[in-house]
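Peer 1: Structure: upload-v1.txt, compact mmCIF, N, CA and C atoms.
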```txt
# COMPACT_ATOMS: atom_id res chain seq x y z
N MET A 1 -32.32 26.75 -21.48
CA MET A 1 -31.03 26.22 -21.89
C MET A 1 -31.23 24.78 -22.36
N GLY A 2 -30.81 24.49 -23.59
CA GLY A 2 -31.00 23.16 -24.15
C GLY A 2 -30.03 22.15 -23.58
N LEU A 3 -30.32 20.89 -23.86
CA LEU A 3 -29.46 19.84 -23.33
C LEU A 3 -28.07 19.86 -23.97
N GLU A 4 -28.02 20.29 -25.24
CA GLU A 4 -26.71 20.37 -25.90
C GLU A 4 -25.84 21.41 -25.21
N ALA A 5 -26.43 22.47 -24.75
CA ALA A 5 -25.66 23.51 -24.06
C ALA A 5 -25.05 22.97 -22.77
N TRP A 6 -25.76 22.09 -22.09
CA TRP A 6 -25.20 21.49 -20.87
C TRP A 6 -24.01 20.61 -21.20
N VAL A 7 -24.10 19.88 -22.32
CA VAL A 7 -22.96 19.04 -22.73
C VAL A 7 -21.76 19.92 -23.09
N TYR A 8 -22.02 21.02 -23.82
CA TYR A 8 -20.92 21.93 -24.16
C TYR A 8 -20.31 22.54 -22.89
N LEU A 9 -21.16 22.89 -21.94
CA LEU A 9 -20.66 23.45 -20.67
C LEU A 9 -19.78 22.44 -19.94
N SER A 10 -20.19 21.17 -19.94
CA SER A 10 -19.37 20.16 -19.26
C SER A 10 -18.05 19.96 -19.98
N VAL A 11 -18.06 20.04 -21.30
CA VAL A 11 -16.81 19.91 -22.06
C VAL A 11 -15.88 21.07 -21.75
N VAL A 12 -16.43 22.27 -21.69
CA VAL A 12 -15.61 23.45 -21.39
C VAL A 12 -15.04 23.35 -19.97
N LEU A 13 -15.86 22.94 -19.01
CA LEU A 13 -15.37 22.80 -17.64
C LEU A 13 -14.28 21.74 -17.54
N PHE A 14 -14.47 20.63 -18.26
CA PHE A 14 -13.45 19.58 -18.25
C PHE A 14 -12.16 20.08 -18.87
N ALA A 15 -12.26 20.84 -19.96
CA ALA A 15 -11.05 21.37 -20.61
C ALA A 15 -10.32 22.35 -19.69
N ILE A 16 -11.07 23.21 -19.00
CA ILE A 16 -10.44 24.14 -18.07
C ILE A 16 -9.74 23.38 -16.95
N GLY A 17 -10.38 22.33 -16.43
CA GLY A 17 -9.77 21.52 -15.37
C GLY A 17 -8.52 20.81 -15.86
N ALA A 18 -8.58 20.25 -17.07
CA ALA A 18 -7.41 19.56 -17.62
C ALA A 18 -6.26 20.53 -17.87
N LEU A 19 -6.59 21.70 -18.38
CA LEU A 19 -5.56 22.72 -18.61
C LEU A 19 -4.93 23.16 -17.29
N THR A 20 -5.74 23.27 -16.26
CA THR A 20 -5.23 23.63 -14.94
C THR A 20 -4.28 22.57 -14.40
N VAL A 21 -4.66 21.31 -14.54
CA VAL A 21 -3.81 20.22 -14.04
C VAL A 21 -2.49 20.18 -14.80
N LEU A 22 -2.54 20.43 -16.09
CA LEU A 22 -1.33 20.29 -16.91
C LEU A 22 -0.39 21.49 -16.80
N THR A 23 -0.90 22.66 -16.46
CA THR A 23 -0.05 23.85 -16.51
C THR A 23 0.37 24.39 -15.15
N ARG A 24 -0.35 24.12 -14.09
CA ARG A 24 -0.05 24.72 -12.80
C ARG A 24 0.89 23.85 -11.99
N ARG A 25 1.62 24.45 -11.07
CA ARG A 25 2.59 23.74 -10.24
C ARG A 25 2.18 23.63 -8.78
N ASN A 26 1.24 24.45 -8.34
CA ASN A 26 0.78 24.40 -6.96
C ASN A 26 -0.16 23.20 -6.79
N THR A 27 0.08 22.37 -5.78
CA THR A 27 -0.70 21.15 -5.62
C THR A 27 -2.16 21.44 -5.30
N ILE A 28 -2.44 22.51 -4.58
CA ILE A 28 -3.83 22.84 -4.26
C ILE A 28 -4.58 23.23 -5.53
N ILE A 29 -3.94 23.99 -6.40
CA ILE A 29 -4.57 24.39 -7.66
C ILE A 29 -4.77 23.17 -8.57
N VAL A 30 -3.79 22.28 -8.60
CA VAL A 30 -3.93 21.05 -9.38
C VAL A 30 -5.08 20.22 -8.83
N PHE A 31 -5.19 20.19 -7.52
CA PHE A 31 -6.28 19.45 -6.86
C PHE A 31 -7.64 20.04 -7.24
N MET A 32 -7.73 21.37 -7.29
CA MET A 32 -8.97 22.02 -7.70
C MET A 32 -9.29 21.72 -9.16
N GLY A 33 -8.28 21.60 -10.02
CA GLY A 33 -8.49 21.23 -11.42
C GLY A 33 -9.07 19.83 -11.55
N ILE A 34 -8.58 18.92 -10.72
CA ILE A 34 -9.12 17.55 -10.74
C ILE A 34 -10.58 17.54 -10.30
N GLU A 35 -10.89 18.31 -9.26
CA GLU A 35 -12.28 18.40 -8.81
C GLU A 35 -13.17 19.00 -9.89
N LEU A 36 -12.66 19.99 -10.63
CA LEU A 36 -13.44 20.59 -11.71
C LEU A 36 -13.72 19.57 -12.81
N MET A 37 -12.73 18.73 -13.12
CA MET A 37 -12.95 17.69 -14.13
C MET A 37 -13.98 16.67 -13.65
N LEU A 38 -13.94 16.30 -12.36
CA LEU A 38 -14.92 15.35 -11.83
C LEU A 38 -16.33 15.94 -11.87
N ASN A 39 -16.45 17.22 -11.55
CA ASN A 39 -17.76 17.86 -11.60
C ASN A 39 -18.26 18.00 -13.03
N ALA A 40 -17.36 18.21 -13.99
CA ALA A 40 -17.76 18.25 -15.39
C ALA A 40 -18.30 16.89 -15.83
N CYS A 41 -17.66 15.82 -15.36
CA CYS A 41 -18.15 14.47 -15.66
C CYS A 41 -19.53 14.25 -15.06
N ASN A 42 -19.73 14.74 -13.84
CA ASN A 42 -21.04 14.61 -13.21
C ASN A 42 -22.11 15.36 -14.00
N LEU A 43 -21.77 16.56 -14.46
CA LEU A 43 -22.72 17.34 -15.25
C LEU A 43 -23.09 16.61 -16.53
N ALA A 44 -22.10 16.01 -17.20
CA ALA A 44 -22.37 15.25 -18.42
C ALA A 44 -23.22 14.02 -18.12
N LEU A 45 -22.92 13.33 -17.02
CA LEU A 45 -23.71 12.14 -16.67
C LEU A 45 -25.17 12.51 -16.39
N ILE A 46 -25.38 13.58 -15.65
CA ILE A 46 -26.75 14.00 -15.35
C ILE A 46 -27.47 14.43 -16.62
N THR A 47 -26.74 15.10 -17.52
CA THR A 47 -27.35 15.53 -18.78
C THR A 47 -27.76 14.32 -19.62
N PHE A 48 -26.89 13.32 -19.70
CA PHE A 48 -27.22 12.13 -20.48
C PHE A 48 -28.36 11.36 -19.83
N ALA A 49 -28.42 11.36 -18.51
CA ALA A 49 -29.55 10.72 -17.84
C ALA A 49 -30.85 11.44 -18.17
N ARG A 50 -30.79 12.75 -18.27
CA ARG A 50 -31.98 13.53 -18.61
C ARG A 50 -32.39 13.27 -20.07
N ILE A 51 -31.39 13.14 -20.95
CA ILE A 51 -31.70 12.90 -22.37
C ILE A 51 -32.38 11.54 -22.55
N HIS A 52 -31.84 10.52 -21.89
CA HIS A 52 -32.35 9.17 -22.08
C HIS A 52 -33.51 8.83 -21.14
N GLY A 53 -33.74 9.64 -20.14
CA GLY A 53 -34.89 9.44 -19.29
C GLY A 53 -34.77 8.30 -18.29
N ASN A 54 -33.55 7.88 -17.94
CA ASN A 54 -33.39 6.84 -16.92
C ASN A 54 -32.47 7.34 -15.81
N LEU A 55 -32.35 6.57 -14.76
CA LEU A 55 -31.61 7.00 -13.59
C LEU A 55 -30.23 6.36 -13.48
N ASP A 56 -29.83 5.58 -14.46
CA ASP A 56 -28.55 4.88 -14.36
C ASP A 56 -27.38 5.86 -14.25
N ALA A 57 -27.37 6.88 -15.07
CA ALA A 57 -26.25 7.83 -15.04
C ALA A 57 -26.23 8.63 -13.74
N GLN A 58 -27.39 8.85 -13.14
CA GLN A 58 -27.42 9.56 -11.87
C GLN A 58 -26.78 8.73 -10.77
N VAL A 59 -26.92 7.42 -10.84
CA VAL A 59 -26.25 6.53 -9.89
C VAL A 59 -24.74 6.62 -10.07
N TYR A 60 -24.30 6.66 -11.33
CA TYR A 60 -22.86 6.83 -11.60
C TYR A 60 -22.37 8.18 -11.08
N ALA A 61 -23.18 9.21 -11.25
CA ALA A 61 -22.79 10.54 -10.75
C ALA A 61 -22.65 10.52 -9.23
N LEU A 62 -23.54 9.83 -8.56
CA LEU A 62 -23.43 9.70 -7.10
C LEU A 62 -22.15 8.96 -6.72
N PHE A 63 -21.80 7.93 -7.50
CA PHE A 63 -20.56 7.19 -7.25
C PHE A 63 -19.36 8.11 -7.45
N VAL A 64 -19.39 8.95 -8.48
CA VAL A 64 -18.29 9.88 -8.72
C VAL A 64 -18.17 10.87 -7.56
N MET A 65 -19.29 11.31 -7.01
CA MET A 65 -19.25 12.22 -5.85
C MET A 65 -18.60 11.56 -4.65
N VAL A 66 -18.89 10.28 -4.43
CA VAL A 66 -18.28 9.54 -3.31
C VAL A 66 -16.78 9.42 -3.53
N VAL A 67 -16.38 9.10 -4.76
CA VAL A 67 -14.95 9.00 -5.07
C VAL A 67 -14.28 10.35 -4.89
N ALA A 68 -14.94 11.44 -5.30
CA ALA A 68 -14.37 12.78 -5.14
C ALA A 68 -14.19 13.14 -3.67
N ALA A 69 -15.15 12.75 -2.84
CA ALA A 69 -15.03 13.03 -1.41
C ALA A 69 -13.86 12.27 -0.80
N ALA A 70 -13.70 11.01 -1.20
CA ALA A 70 -12.56 10.23 -0.71
C ALA A 70 -11.25 10.81 -1.22
N GLU A 71 -11.25 11.29 -2.46
CA GLU A 71 -10.06 11.90 -3.02
C GLU A 71 -9.67 13.15 -2.24
N VAL A 72 -10.65 13.94 -1.84
CA VAL A 72 -10.37 15.15 -1.07
C VAL A 72 -9.69 14.79 0.24
N VAL A 73 -10.22 13.81 0.93
CA VAL A 73 -9.66 13.43 2.23
C VAL A 73 -8.23 12.94 2.09
N ILE A 74 -8.01 12.01 1.18
CA ILE A 74 -6.68 11.43 1.01
C ILE A 74 -5.72 12.44 0.40
N GLY A 75 -6.17 13.18 -0.61
CA GLY A 75 -5.31 14.15 -1.28
C GLY A 75 -4.87 15.27 -0.36
N LEU A 76 -5.78 15.82 0.41
CA LEU A 76 -5.40 16.89 1.33
C LEU A 76 -4.46 16.37 2.41
N GLY A 77 -4.63 15.14 2.84
CA GLY A 77 -3.70 14.55 3.81
C GLY A 77 -2.29 14.44 3.24
N ILE A 78 -2.21 14.00 1.99
CA ILE A 78 -0.90 13.88 1.34
C ILE A 78 -0.29 15.26 1.13
N ILE A 79 -1.09 16.23 0.70
CA ILE A 79 -0.58 17.59 0.48
C ILE A 79 -0.10 18.20 1.80
N MET A 80 -0.83 18.01 2.87
CA MET A 80 -0.41 18.54 4.18
C MET A 80 0.89 17.89 4.62
N SER A 81 1.03 16.58 4.39
CA SER A 81 2.26 15.88 4.77
C SER A 81 3.45 16.40 3.97
N ILE A 82 3.25 16.60 2.68
CA ILE A 82 4.34 17.13 1.84
C ILE A 82 4.69 18.55 2.25
N PHE A 83 3.67 19.36 2.55
CA PHE A 83 3.93 20.75 2.93
C PHE A 83 4.69 20.82 4.26
N ARG A 84 4.34 19.96 5.21
CA ARG A 84 5.05 19.96 6.49
C ARG A 84 6.51 19.54 6.32
N ALA A 85 6.76 18.58 5.43
CA ALA A 85 8.12 18.09 5.25
C ALA A 85 8.98 19.03 4.41
N ARG A 86 8.41 19.67 3.41
CA ARG A 86 9.21 20.46 2.46
C ARG A 86 8.96 21.95 2.53
N ARG A 87 7.96 22.39 3.25
CA ARG A 87 7.59 23.81 3.34
C ARG A 87 7.27 24.41 1.99
N SER A 88 6.72 23.59 1.11
CA SER A 88 6.32 24.05 -0.21
C SER A 88 5.16 23.20 -0.70
N ALA A 89 4.28 23.80 -1.48
CA ALA A 89 3.15 23.07 -2.06
C ALA A 89 3.32 22.89 -3.55
N SER A 90 4.56 22.92 -4.03
CA SER A 90 4.83 22.78 -5.46
C SER A 90 4.85 21.31 -5.87
N VAL A 91 4.37 21.05 -7.06
CA VAL A 91 4.39 19.69 -7.59
C VAL A 91 5.82 19.23 -7.83
N ASP A 92 6.68 20.16 -8.20
CA ASP A 92 8.07 19.81 -8.47
C ASP A 92 8.78 19.33 -7.21
N ASP A 93 8.40 19.85 -6.05
CA ASP A 93 9.02 19.41 -4.80
C ASP A 93 8.49 18.06 -4.34
N ALA A 94 7.38 17.63 -4.86
CA ALA A 94 6.77 16.37 -4.44
C ALA A 94 7.06 15.26 -5.43
N ASN A 95 8.19 15.30 -6.10
CA ASN A 95 8.49 14.30 -7.11
C ASN A 95 9.03 13.00 -6.52
N LEU A 96 9.40 13.01 -5.26
CA LEU A 96 9.89 11.80 -4.61
C LEU A 96 8.90 11.33 -3.57
N LEU A 97 8.73 10.03 -3.45
CA LEU A 97 7.84 9.51 -2.42
C LEU A 97 8.48 9.55 -1.05
N LYS A 98 9.81 9.50 -1.00
CA LYS A 98 10.52 9.56 0.27
C LYS A 98 10.57 11.00 0.74
N LEU A 99 10.09 11.27 1.95
CA LEU A 99 10.08 12.64 2.48
C LEU A 99 11.30 12.96 3.26
```
Could you write out this file's structure as structure tokens?
Peer 2:
Amino acid sequence: MGLEAWVYLSVVLFAIGALTVLTRRNTIIVFMGIELMLNACNLALITFARIHGNLDAQVYALFVMVVAAAEVVIGLGIIMSIFRARRSASVDDANLLKL
């Protein structure tokens, strides 16, 4: 598999994640779309690091993984709080910050 194919794969994964975020109403599914977009960015960063032969992009990919892990912790906490208060995981029900 050539390096261009990896870039195309990351673009396709990012597009699927963006489409998921824009079209779905369930917060867990939207959350999974965001994670898919972050992983597509990681794949592109690793591919570009391989093309250029340096490790700078791999450091950025590691940083993105740390941010994704923090996002999971905070996001799931917020989703659980909204679900307990409203008994729904819909994005439309979470339009107000006041619970």
Peer 1: Using all atoms listed in the file, can you tell me which of A:Val64, A:Ile78, A:Ala15, A:Glu71 comes closest to Asn42 of chain A?
Peer 2: A:Val64
Peer 1: Here's a test: counting only N, CA and C atoms, identify every protein, DNA and RNA residue with an atom at most 6.5 Å from (-10.8, 19.3, -15.6) in the file's coordinate frame, and state them as an mmCIF file with N, CA and C atoms, keeping the file's coordinate frame.
Peer 2:
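This is the output file out15.cif:
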```cif
data_model
loop_
_atom_site.group_PDB
_atom_site.id
_atom_site.type_symbol
_atom_site.label_atom_id
_atom_site.label_comp_id
_atom_site.auth_asym_id
_atom_site.auth_seq_id
_atom_site.Cartn_x
_atom_site.Cartn_y
_atom_site.Cartn_z
ATOM 1 N N LEU A 13 -15.860 22.940 -19.010
ATOM 2 C CA LEU A 13 -15.370 22.800 -17.640
ATOM 3 C C LEU A 13 -14.280 21.740 -17.540
ATOM 4 N N PHE A 14 -14.470 20.630 -18.260
ATOM 5 C CA PHE A 14 -13.450 19.580 -18.250
ATOM 6 C C PHE A 14 -12.160 20.080 -18.870
ATOM 7 N N ALA A 15 -12.260 20.840 -19.960
ATOM 8 C CA ALA A 15 -11.050 21.370 -20.610
ATOM 9 C C ALA A 15 -10.320 22.350 -19.690
ATOM 10 N N ILE A 16 -11.070 23.210 -19.000
ATOM 11 C CA ILE A 16 -10.440 24.140 -18.070
ATOM 12 C C ILE A 16 -9.740 23.380 -16.950
ATOM 13 N N GLY A 17 -10.380 22.330 -16.430
ATOM 14 C CA GLY A 17 -9.770 21.520 -15.370
ATOM 15 C C GLY A 17 -8.520 20.810 -15.860
ATOM 16 N N ALA A 18 -8.580 20.250 -17.070
ATOM 17 C CA ALA A 18 -7.410 19.560 -17.620
ATOM 18 C C ALA A 18 -6.260 20.530 -17.870
ATOM 19 N N LEU A 19 -6.590 21.700 -18.380
ATOM 20 C CA LEU A 19 -5.560 22.720 -18.610
ATOM 21 C C LEU A 19 -4.930 23.160 -17.290
ATOM 22 N N THR A 20 -5.740 23.270 -16.260
ATOM 23 C CA THR A 20 -5.230 23.630 -14.940
ATOM 24 C C THR A 20 -4.280 22.570 -14.400
ATOM 25 N N GLY A 33 -8.280 21.600 -10.020
ATOM 26 C CA GLY A 33 -8.490 21.230 -11.420
ATOM 27 C C GLY A 33 -9.070 19.830 -11.550
ATOM 28 N N ILE A 34 -8.580 18.920 -10.720
ATOM 29 C CA ILE A 34 -9.120 17.550 -10.740
ATOM 30 C C ILE A 34 -10.580 17.540 -10.300
ATOM 31 N N GLU A 35 -10.890 18.310 -9.260
ATOM 32 C CA GLU A 35 -12.280 18.400 -8.810
ATOM 33 C C GLU A 35 -13.170 19.000 -9.890
ATOM 34 N N LEU A 36 -12.660 19.990 -10.630
ATOM 35 C CA LEU A 36 -13.440 20.590 -11.710
ATOM 36 C C LEU A 36 -13.720 19.570 -12.810
ATOM 37 N N MET A 37 -12.730 18.730 -13.120
ATOM 38 C CA MET A 37 -12.950 17.690 -14.130
ATOM 39 C C MET A 37 -13.980 16.670 -13.650
ATOM 40 N N LEU A 38 -13.940 16.300 -12.360
ATOM 41 C CA LEU A 38 -14.920 15.350 -11.830
ATOM 42 C C LEU A 38 -16.330 15.940 -11.870
#
```
Peer 1: For atom CA of Tyr60 of chain A and atom N of Val72 of chain A, quote the distance in Å rounded to one decimal.
Peer 2: 17.2 Å
Peer 1: Please compute the atom CA of Ala44 of chain A-atom CA of Val7 of chain A distance, one decimal, in Å.
Peer 2: 5.8 Å
Peer 1: Report, in Å to a single decimal, how far apart atom C of Ile28 of chain A and atom C of Val12 of chain A are.
Peer 2: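 Value for the atom C of Val12 of chain A-atom C of Ile28 of chain A distance: 17.8 Å.
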Peer 1: Which of these residues is nearest to Ser10 of chain A, using only C-alpha atoms: A:Arg25, A:Ala57, A:Met32, A:Thr47?
Peer 2: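 Of A:Arg25, A:Ala57, A:Met32, A:Thr47, the one nearest Ser10 of chain A is A:Thr47, counting only C-alpha atoms.
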Peer 1: For the alpha helix (DSSP H) assignment from backbone DSSP, which residues of chain A qualify? Please present them as a count of residues only.
Peer 2: 78
Peer 1: Would you compute the box with edges along x, y and z of the file around segment 67-76 of chain A, including every atom the file lists for it and 3 Å extra on each side, and give its centre and edge lengths in Å to one decimal, as lines of an AutoDock Vina configuration file?
Peer 2:
```
center_x = -10.4
center_y = 12.9
center_z = -1.4
size_x = 17.9
size_y = 13.9
size_z = 13.7
```
Peer 1: Identify which of the residues A:Tyr8, A:Ala85, A:Thr23, A:Ala61 lies closest to Cys41 of chain A, counting only C-alpha atoms when measuring atom-to-atom distances.
Peer 2: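 Result for the nearest residue to Cys41 of chain A: A:Ala61.
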Peer 1: Around the point (3.8, 26.1, -7.0) (coordinates from the file), which residues reach within 10 Å if we count only C-alpha atoms? Answer as a list in words.
Peer 2: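 So the residues meeting the distance criterion are Arg24, Arg25, Asn26, Thr27, Ile28, Ile29, Val30, Ser88, Ala89, Ser90, Val91, Asp92 and Asp93 of chain A.
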Peer 1: Which residue out of A:Ile79, A:Leu55, A:Leu43, A:Ala70 has the minimum interatomic distance to Leu3 of chain A when only C-alpha atoms are used?
Peer 2: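 So, comparing all the options, the nearest one is A:Leu43.
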